[in-house]
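Working notes, structure below.
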Amino acid sequence: MEKTGLKPIDELVKLAIAGDGTAFTQLWDTHIESLRAYIKSTFKNLDDFYIEDICSHSFEKAFRRIGTFDPSLSRFSTWLKSIARNSALDMLQQESRERRKYTYLDDERESISVIDSVPDELDTPLDSIIRTEDEQRLRSCIEGLPDLYREIALKRMVEGMQYKEIAEETGLELNTVRTRIRRAKALIDKMKEDNGV
């Protein structure tokens, strides 16, 4: 790195603004621990999985918007924390909206869609075709999920397994299963929205 009289962080920011991906990676390495600590202390109810998700989203947004960052207005770490705070608030708000779509029918507070809880009438041939198409679209969306979510989403959304059953079968913590299913549903909703479904 050539000497410019700038602090090393300011130099990395300058290089990142100019499009240097390596400099941005170094910014990640320099700031990731303090960003995790900030999110953990600000949003005490979030588990580690959500914190990692918010960190990833925040750096992704920062990378896309690095050209709008003005070092004369704030430090990079302050700007990054502001992005992380907004990402966390957006995620919590979206989850709150998702929860309102569901009603809880057991002590586990396991969510079941209100529509899914209404008994089916006898299907007409058209209903059967529509359900098959919906299931094919759902399976296609699940196939498009990252590996981390794919198996769990398939077990829950297609096979209809309960959270506890998935946790036992995969060896994951129950809260991890719930979190991954929530995230998978959000990603699938985004896919559907992007495809105009």
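Starting from 1 in every chain, residues are counted up; chains themselves are A, B, ... following the order of the structure tokens, and ligands are numbered from 1 as listed.
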Worksheet entry | Within 12 Å of region 44-57 of chain A using only C-alpha atoms, minus same-chain residues under 5 positions, as a PyMOL selection string | chain A and resi 28-29+31-39+62-64+80-92+95+148+173+175-183
Discussion item. At a cut-off of 9 Å, using only C-alpha atoms, what residues contact Phe76 (chain A)? Leave out same-chain residues fewer than 3 positions from it and give the result as a PyMOL selection string.
Written reply: chain A and resi 9-10+13+69-71+79-81
Worksheet item: Which residue, A:Lys14, A:Glu169, A:Asp194, A:Ala186, has the smallest gap to Ser96 (chain A) when you use only C-alpha atoms?
Response: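 Comparing A:Lys14, A:Glu169, A:Asp194, A:Ala186 against Ser96 (chain A), the winner is A:Ala186.
The environment of Thr170 (chain A) within 12 Å, counting only C-alpha atoms and disregarding residues fewer than 3 places along the same chain, consists of Leu148, Tyr149, Glu151, Ile152, Lys155, Met161, Tyr163, Lys164, Glu165, Ile166, Ala167, Glu173, Leu174, Thr176 and Val177 of chain A.
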Worksheet entry | Proximity to Asp134 (chain A) - best of A:Gln162, A:Ala153, A:Lys192, A:Asp147, only C-alpha atoms | A:Lys192
Discussion item. I'd like to know which of A:Ser77, A:Lys40, A:Glu11, A:Leu172 is closest to Phe59 (chain A), using only C-alpha atoms.
Written reply: A:Ser77
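With distances restricted to only C-alpha atoms, A:Ile17 is the closest residue to Arg65 (chain A) from A:Thr25, A:Ile17, A:Arg97, A:Asn195.
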